[in-house]
Amino acid sequence: MKHSTHRILTTHAGSLARPADLLEMVRIKEVGQPYDHEAFAARVRTAVAEVVGKQIDAGVDVVSDGEQGKPGFANYVKDRLTGLIAREGVPPRVSSDQADFPDFQPPEGGTLNARRMVCIGPIGWKDKAAGQTEIDNFKAALQAVQPVEAFLPTVSPGTLAQNVINEYYKDEEAFLFAVADVMQEEYHAIVQAGFLLQIDSPDLAMGWHTQFPDKTLEEFRTIIALRVEALNHALAGIPPEQVRHHICWGNGERPHHRDVELKHIIDILLHARAGALYVEGANPRHGHEWKVFRDIQLPEGMIVIPGVIDTKTNIIEHPELVADRIVNYAKVVGRENVIAGTDCGFGTSADRTRVAPSISWAKLQALTEGARLASEQLWG
Amino acid sequence: MPSGVHLKYCLGLPVDEEGGGAGFLTGIDFGFVCCYFVGCLLPLACTGPIRYIGWEAIQTEIANSKAALEGVEVDEAFMCSVSSGWLVPGCGFREADFQPHYKTEEEFFFALAEAMSEEYRAIVDAGFVLQVDDPRVLSGWDVPHPRTGAHLTFEEYRQEAQLRVDALNPALRGIPEDRVRHHMCWSSWKGPHTVDVPLKNAIDIVLKVHAQAFSIEAANVRHEHEWKVWQDVQLPEGKILIPGVIAHATNLVEHPELVADRLVRYANLVGRENVIAGTDCGLGGRLHPEIVWAKFQAMTEGARLATDRLWRRRGVQRVGSRESGLQSRVAQAKEGRL
């Protein structure tokens with residue numbers, strides 16, 4: 001993984017808005033209606049090429065495929081793995097922040113994630129080719145451009161433990177390691193294809209207020225420590241410098257006042273076998289947490305990717321604010337160890353567009369302009 | 001309320017040239033309520049001399065406020081009133097809108113302000129601090145001309161802003177400066193805000209308002225960096241800044257630590273005694289009502305933390321160290337103290 005050796009590099013959390021026609025195809029596919037497989041595959045391929053080009057145009061250095069073919073950053077695995085089904089009618093979890101404001105409805109929209117994944121049998125591979133197609137599409141899109149680096153996002157065992165109702169394995173530990181044993185193939189394939197691997201682990205932060213609001217902090221820490229252990233099991237044999245580990249508190253515009261504090265979990269996050277820790281740092285619940293890094297010693301060479309762009313609002317960050325945020329981190333962990341990112345994805349669920357697509361691209365421009373300003377300050 | 005100014009259009013409903021038409025729209029009061037709270041960009045028309053007729057309404061508001069304050073102790077209480085500058089939607093208001101009743105734009109603005117001064121004085125006479133809500137002085141640049149849709153040049157915007165301030169100040173004549181706070185913002189829609197005028201390009205005009213305190217958006221992501229404006233601009237002696245440290249732009253509740261960080265930045269530049277923590281803009285109607293109160297709690301908790309830093313703990317070394325901080329927190333967690 002490249003460091004910001006001469007200037008602050010930029011990236012984002014992986015998912016990007018799908019074009020309207022592709023989104024419609026994803027929707028039809030997701031609800032189980034018949035669709036033209038060839039037309040879908042072809043459109044995903046062109047959409048990946050389009051979003052790669054747009055990332056380059058926005059000045060993003062470390063680019064992704066935008067997760068264009070996935071219905072969501074996590075629930076895509078139900079199409080790839082055995083043992084998983086999508087079940088209708090499971091009541092959604094009520095997070096503790098929402099429970100404090102029961103009549104508040106987050107302005108999120110989207111229905112593709114409404115069905116819950118349920119594990120009803122052994123986890124194994126059903127469609128390994130889907131991952132290869134993803135790799136091939138991304139490689140093809142990268143033929144025409146030269147980003148600094150390229151990454152593919154994938155989901156962690158822990159996040160599946162959070163999102164999947166386990167009715168098959170005897171406990172969470174058994175489920176976690178079964179998932180890890182299977183998903184490690186996807187992780188290895190991404191790295192072997194020459195891409196950086198991004199592991200999405202929102203569960204490690206958002207899990208407390210969404211899945212375990214009744215647990216104590218210590219109990220939650222024990223739970224996520226096990227999840228990191230399972231992740232490390234899946235990452236065995238992959239050089240940490242090829243891995244970026246994304247953590248967030250949930251990408252919804254909701255109160256978030258029950259979010260676990262970064263300082264209370266950072267030691268566990270640092271145990272993950274990843275060369276980069278990627279955390280939200282822009283939204284007003286976590287904008288102060290750059291100071292957490294004053295109190296810890298990062299492992300030698302580790303990169304921090306702070307979110308300096310909020311993915312929950314449509315106001316476009318002023319580049320000077322972006323620069324201020326980057327400089328805060330750079331002064332604490334060293335300029336070469338900071339890559340500027342977005343808090344989370346702009347299309348974590350394909351049909352949940354919290355930020356208007358056109359604004360999401362303008363936000364990426366604000367990101368790269370802010371990184372340019374920060375680089376001027378930090379390198380002179 | 002000033003009279004003689006009628007809405008031609010309100011919320012997209014057509015009315016006739018006399019401002020009449022759809023029955024409820026002939027009521028001048030409704031028209032202004034609508035324009036003020038919705039912030040619509042719809043042109044007004046002046047149909048006669050402007051004068052204030054809202055004595056009864058303002059006295060009711062004052063009586064309500066006084067009644068609510070009985071039995072509670074507050075440091076101060078303020079009441080809001082709209083600036084004359086906001087009453088004219090958009091910048092670039094032109095002759096056809098106020099002639100023949102006023103010859104020039106200046107005359108019209110001064111007449112509006114003069115009428116509103118009765119409300120301003122009533123608030124202050126009742127013992128309240130007057131807050132003049134004056135978004136147009138900043139939002140005038142990014143709001144297109146109500147008819148042509150064209151944006152003003154930067155110089156045209158500054159002239160319009162200056163005119164509004166020039167008209168407002170005589171309306172504040174006779175009111176002690178320390179009874180007036182002036183609120184401005186870049187309008188409150190949750191959109192890109194990429195064409196907002198930078199504060200540094202308008203602050204000189206704003207500071208000419210005869211007010212002691214200035215309430216300015218500073219919490220949302222388009223303006224948070226503008227605390228640095230005060231590195232280059234001297235806050236005049238005796239003035240107070242009320243930076244927004246809570247945003248109406250998002251339903252996320254600000255972390256009190258972030259609120260404190262924001263306040264300390266201002267305090268370090270303009271003096272701790274010259275800072276009052278505020279909100280970016282009005283929160284009513286822009287956020288979930290209960291989240292508004294949670295945000296107020298975050299603001300007051302953040303102010304407490306900032307106060308700790310700025311007064312009682314000034315010069316005290318930060319507790320913990322790079323090595324011991326995490327261990328200490330883990331130990332605290334084990335003891336259930338976190």
# chains A, B, ... in the order shown; residues from 1 in each chain; ligands from 1
call {"tool": "residues_around", "arguments": {"residues": "range 154-166 of chain A", "least_positions_apart": "2", "cutoff": "6 Å", "atoms": "only C-alpha atoms", "output": "JSON, numbers by chain"}}
result
{"A": [74, 117, 118, 119, 168, 176, 179, 180, 199, 200, 201, 203, 227]}
call {"tool": "residues_around", "arguments": {"residues": "Val338 in chain A", "least_positions_apart": "4", "cutoff": "12 Å", "atoms": "only C-alpha atoms", "output": "PyMOL selection string"}}
result
chain A and resi 1-11+275-279+290+293+298+301-308+323+325-334+371+374-375+378
call {"tool": "residues_around", "arguments": {"residues": "Val48 in chain A", "least_positions_apart": "6", "cutoff": "10 Å", "atoms": "only C-alpha atoms", "output": "list in words"}}
result
Leu16, Arg18, Lys54, Ser64, Asp65, Gly66, Glu67, Gln68, Gly69, Glu134, Asn137, Phe138, Lys139, Ala140, Ala141 and Leu142 of chain A
call {"tool": "write_last_selection", "arguments": {"atoms": "C-alpha atoms", "output": "short mmCIF file (atom, residue, chain, number, x, y, z; two decimals), in the first residue's frame"}}
result
data_model
loop_
_atom_site.label_atom_id
_atom_site.label_comp_id
_atom_site.auth_asym_id
_atom_site.auth_seq_id
_atom_site.Cartn_x
_atom_site.Cartn_y
_atom_site.Cartn_z
CA LEU A 16 -20.53 4.70 -5.28
CA ARG A 18 -25.15 3.29 -9.46
CA LYS A 54 -15.25 9.66 -12.81
CA SER A 64 -12.50 1.20 -6.46
CA ASP A 65 -15.03 -0.45 -8.74
CA GLY A 66 -17.81 1.42 -6.92
CA GLU A 67 -19.42 -1.92 -6.02
CA GLN A 68 -21.59 -1.34 -9.06
CA GLY A 69 -22.85 -4.89 -9.42
CA GLU A 134 -15.79 -8.35 -10.37
CA ASN A 137 -14.51 -5.86 -14.76
CA PHE A 138 -12.27 -3.74 -12.57
CA LYS A 139 -9.13 -4.75 -14.44
CA ALA A 140 -10.78 -3.89 -17.73
CA ALA A 141 -11.86 -0.49 -16.43
CA LEU A 142 -8.34 0.24 -15.25
#
call {"tool": "closest_atom_pairs", "arguments": {"of": "chain B", "to": "chain A", "cutoff": "6 Å", "atoms": "only C-alpha atoms", "output": "Markdown table"}}
result
| residue | atom | partner | partner_atom | distance |
| --- | --- | --- | --- | --- |
| B:Gly191 | CA | A:Ile315 | CA | 5.0 |
| B:Pro192 | CA | A:Ile315 | CA | 4.2 |
| B:Val221 | CA | A:Glu317 | CA | 4.8 |
| B:Arg222 | CA | A:His318 | CA | 4.7 |
| B:His225 | CA | A:Leu321 | CA | 5.0 |
| B:Asn251 | CA | A:Arg254 | CA | 5.3 |
| B:Leu252 | CA | A:Pro255 | CA | 4.1 |
| B:Val253 | CA | A:Pro255 | CA | 5.0 |
| B:Glu254 | CA | A:Pro284 | CA | 4.8 |
| B:His255 | CA | A:Arg285 | CA | 4.7 |
| B:Leu258 | CA | A:His288 | CA | 5.0 |
| B:Arg322 | CA | A:Asp295 | CA | 4.1 |
| B:Gly325 | CA | A:Asp295 | CA | 5.9 |
call {"tool": "write_last_selection", "arguments": {"atoms": "C-alpha atoms", "output": "PDB file, in the first residue's frame"}}
result
ATOM      1  CA  GLY B 191     -27.968  21.427  -0.245  1.00  0.00           C
ATOM      2  CA  PRO B 192     -24.464  21.863  -1.619  1.00  0.00           C
ATOM      3  CA  VAL B 221     -19.194  21.695   6.785  1.00  0.00           C
ATOM      4  CA  ARG B 222     -19.260  24.644   4.431  1.00  0.00           C
ATOM      5  CA  HIS B 225     -13.244  26.464   8.789  1.00  0.00           C
ATOM      6  CA  ASN B 251     -29.763  14.917  12.515  1.00  0.00           C
ATOM      7  CA  LEU B 252     -26.497  13.660  13.976  1.00  0.00           C
ATOM      8  CA  VAL B 253     -26.089  14.975  17.498  1.00  0.00           C
ATOM      9  CA  GLU B 254     -22.756  16.732  17.806  1.00  0.00           C
ATOM     10  CA  HIS B 255     -20.312  15.165  20.228  1.00  0.00           C
ATOM     11  CA  LEU B 258     -16.351  18.550  19.171  1.00  0.00           C
ATOM     12  CA  ARG B 322       0.656   8.365  25.062  1.00  0.00           C
ATOM     13  CA  GLY B 325      -3.840   6.674  28.319  1.00  0.00           C
TER      14      GLY B 325
END
call {"tool": "residues_around", "arguments": {"residues": "Trp141 in chain B", "least_positions_apart": "2", "cutoff": "10 Å", "atoms": "only C-alpha atoms", "output": "tab-separated table (two decimals) with C-alpha atoms, in the first residue's frame"}}
result
chain	number	residue	atom	x	y	z
B	90	GLY	CA	-33.41	37.93	-3.11
B	91	CYS	CA	-31.07	40.67	-4.06
B	136	ARG	CA	-29.82	38.11	3.39
B	137	VAL	CA	-26.71	40.03	4.29
B	138	LEU	CA	-24.81	36.79	3.61
B	139	SER	CA	-27.18	34.72	1.54
B	143	VAL	CA	-29.67	33.55	-4.17
B	144	PRO	CA	-30.38	34.39	-7.77
B	145	HIS	CA	-32.31	37.47	-8.79
B	151	HIS	CA	-26.48	35.82	-9.97
B	152	LEU	CA	-25.11	39.11	-8.81
B	153	THR	CA	-21.51	39.99	-9.30
B	154	PHE	CA	-19.51	40.10	-6.11
B	155	GLU	CA	-19.49	43.90	-6.13
B	156	GLU	CA	-23.24	44.06	-6.74
B	157	TYR	CA	-23.77	41.72	-3.82
B	158	ARG	CA	-21.63	43.85	-1.53
B	160	GLU	CA	-26.85	45.18	-1.75
B	161	ALA	CA	-25.54	43.95	1.60
B	186	TRP	CA	-26.31	31.36	4.45
B	195	VAL	CA	-21.79	29.26	-3.94
B	196	ASP	CA	-22.01	30.72	-0.44
B	197	VAL	CA	-20.11	33.96	-0.12
B	198	PRO	CA	-17.01	33.44	2.03
call {"tool": "select_by_dssp", "arguments": {"residues": "range 78-226 of chain B", "states": "strand (DSSP E)", "output": "compact mmCIF listing (two decimals) with N, CA and C atoms, in the first residue's frame"}}
result
# COMPACT_ATOMS: atom_id res chain seq x y z
N PHE B 78 -33.84 36.56 24.95
CA PHE B 78 -33.89 37.36 23.73
C PHE B 78 -35.13 37.02 22.93
N MET B 79 -35.53 37.97 22.12
CA MET B 79 -36.62 37.72 21.18
C MET B 79 -36.15 38.07 19.78
N CYS B 80 -36.63 37.28 18.83
CA CYS B 80 -36.20 37.46 17.45
C CYS B 80 -37.15 38.39 16.70
N SER B 81 -36.57 39.14 15.82
CA SER B 81 -37.37 39.93 14.89
C SER B 81 -36.62 39.95 13.57
N VAL B 82 -37.36 40.09 12.53
CA VAL B 82 -36.72 39.98 11.22
C VAL B 82 -36.12 41.31 10.78
N VAL B 129 -33.36 41.12 25.14
CA VAL B 129 -32.36 41.38 24.12
C VAL B 129 -33.03 41.16 22.77
N LEU B 130 -32.75 42.04 21.85
CA LEU B 130 -33.33 41.94 20.51
C LEU B 130 -32.38 41.16 19.60
N GLN B 131 -32.89 40.12 18.97
CA GLN B 131 -32.10 39.47 17.92
C GLN B 131 -32.68 39.84 16.57
N VAL B 132 -31.86 40.44 15.76
CA VAL B 132 -32.29 40.79 14.40
C VAL B 132 -31.83 39.67 13.46
N ASP B 133 -32.79 39.00 12.87
CA ASP B 133 -32.46 37.90 11.95
C ASP B 133 -32.24 38.46 10.56
N VAL B 180 -28.63 44.33 21.56
CA VAL B 180 -28.89 43.84 20.20
C VAL B 180 -27.90 42.75 19.82
N ARG B 181 -28.43 41.63 19.34
CA ARG B 181 -27.58 40.63 18.69
C ARG B 181 -28.09 40.45 17.25
N HIS B 182 -27.13 40.23 16.38
CA HIS B 182 -27.42 40.20 14.95
C HIS B 182 -27.12 38.80 14.43
N HIS B 183 -28.16 38.14 13.88
CA HIS B 183 -27.95 36.78 13.38
C HIS B 183 -27.93 36.75 11.86
N MET B 184 -26.92 36.09 11.33
CA MET B 184 -26.86 35.94 9.87
C MET B 184 -26.49 34.51 9.53
N ALA B 213 -23.52 41.80 19.62
CA ALA B 213 -23.18 40.39 19.38
C ALA B 213 -23.53 39.97 17.97
N PHE B 214 -22.72 39.07 17.43
CA PHE B 214 -22.92 38.59 16.07
C PHE B 214 -23.00 37.07 16.07
N SER B 215 -24.13 36.57 15.62
CA SER B 215 -24.38 35.13 15.58
C SER B 215 -24.17 34.65 14.15
N ILE B 216 -23.21 33.74 13.97
CA ILE B 216 -22.79 33.33 12.61
C ILE B 216 -22.70 31.81 12.52
call {"tool": "closest_atom_pairs", "arguments": {"of": "range 203-227 of chain A", "to": "range 86-99 of chain A", "cutoff": "6 Å", "atoms": "only C-alpha atoms", "output": "Markdown table"}}
result
| residue | atom | partner | partner_atom | distance |
| --- | --- | --- | --- | --- |
| A:His209 | CA | A:Ser96 | CA | 5.2 |
| A:Thr210 | CA | A:Ser95 | CA | 4.1 |
| A:Pro213 | CA | A:Ser96 | CA | 5.8 |
call {"tool": "residues_around", "arguments": {"residues": "Val292 in chain B", "least_positions_apart": "5", "cutoff": "9 Å", "atoms": "only C-alpha atoms", "output": "ChimeraX atom specification"}}
result
/B:248,251,253,283-284,287,297
call {"tool": "write_last_selection", "arguments": {"atoms": "N, CA and C atoms", "output": "PDB file, in the first residue's frame"}}
result
ATOM      1  N   HIS B 248     -27.966  22.758  12.053  1.00  0.00           N
ATOM      2  CA  HIS B 248     -29.300  22.314  11.666  1.00  0.00           C
ATOM      3  C   HIS B 248     -29.212  21.444  10.411  1.00  0.00           C
ATOM      4  N   ASN B 251     -29.136  15.471  11.318  1.00  0.00           N
ATOM      5  CA  ASN B 251     -29.763  14.917  12.515  1.00  0.00           C
ATOM      6  C   ASN B 251     -28.753  14.228  13.436  1.00  0.00           C
ATOM      7  N   VAL B 253     -26.281  14.124  16.321  1.00  0.00           N
ATOM      8  CA  VAL B 253     -26.089  14.975  17.498  1.00  0.00           C
ATOM      9  C   VAL B 253     -24.586  15.188  17.691  1.00  0.00           C
ATOM     10  N   LEU B 283     -33.510  25.888  14.634  1.00  0.00           N
ATOM     11  CA  LEU B 283     -33.580  24.439  14.467  1.00  0.00           C
ATOM     12  C   LEU B 283     -35.013  23.958  14.211  1.00  0.00           C
ATOM     13  N   GLY B 284     -35.969  24.849  14.438  1.00  0.00           N
ATOM     14  CA  GLY B 284     -37.361  24.453  14.272  1.00  0.00           C
ATOM     15  C   GLY B 284     -37.676  24.120  12.822  1.00  0.00           C
ATOM     16  N   LEU B 287     -35.070  19.856  11.853  1.00  0.00           N
ATOM     17  CA  LEU B 287     -34.599  18.623  12.475  1.00  0.00           C
ATOM     18  C   LEU B 287     -35.769  17.994  13.198  1.00  0.00           C
ATOM     19  N   GLN B 297     -28.603  19.866  24.501  1.00  0.00           N
ATOM     20  CA  GLN B 297     -27.855  19.258  25.613  1.00  0.00           C
ATOM     21  C   GLN B 297     -26.385  19.078  25.238  1.00  0.00           C
TER      22      GLN B 297
END
call {"tool": "closest_residue", "arguments": {"among": "A:Ala130, A:Gly194, A:Val145, A:Lys291", "to": "Asp261 in chain B", "atoms": "only C-alpha atoms"}}
result
A:Lys291
call {"tool": "closest_residue", "arguments": {"among": "A:Gln365, A:Gln198, A:Gln377, A:Thr133", "to": "Thr194 in chain B", "atoms": "only C-alpha atoms"}}
result
A:Gln365
call {"tool": "decode", "arguments": {"residues": "range 74-97 of chain A", "atoms": "C-alpha atoms", "output": "short mmCIF file (atom, residue, chain, number, x, y, z; two decimals), in the first residue's frame"}}
result
data_model
loop_
_atom_site.label_atom_id
_atom_site.label_comp_id
_atom_site.auth_asym_id
_atom_site.auth_seq_id
_atom_site.Cartn_x
_atom_site.Cartn_y
_atom_site.Cartn_z
CA ALA A 74 -22.66 -6.86 2.67
CA ASN A 75 -25.77 -8.64 1.44
CA TYR A 76 -24.22 -9.51 -1.92
CA VAL A 77 -22.75 -12.60 -0.27
CA LYS A 78 -26.14 -14.33 -0.22
CA ASP A 79 -25.76 -14.73 -3.99
CA ARG A 80 -22.27 -16.15 -3.66
CA LEU A 81 -22.41 -18.40 -0.59
CA THR A 82 -24.38 -21.52 0.23
CA GLY A 83 -26.26 -21.73 3.49
CA LEU A 84 -27.69 -18.22 3.24
CA ILE A 85 -31.19 -17.13 2.30
CA ALA A 86 -32.88 -13.73 2.30
CA ARG A 87 -35.95 -13.76 4.53
CA GLU A 88 -38.92 -11.42 4.27
CA GLY A 89 -40.72 -9.94 7.23
CA VAL A 90 -37.96 -9.97 9.85
CA PRO A 91 -38.54 -6.90 12.02
CA PRO A 92 -35.64 -4.49 11.70
CA ARG A 93 -33.43 -3.95 14.72
CA VAL A 94 -34.05 -0.77 16.65
CA SER A 95 -30.76 0.84 17.48
CA SER A 96 -30.37 2.46 20.86
CA ASP A 97 -30.06 5.94 19.39
#
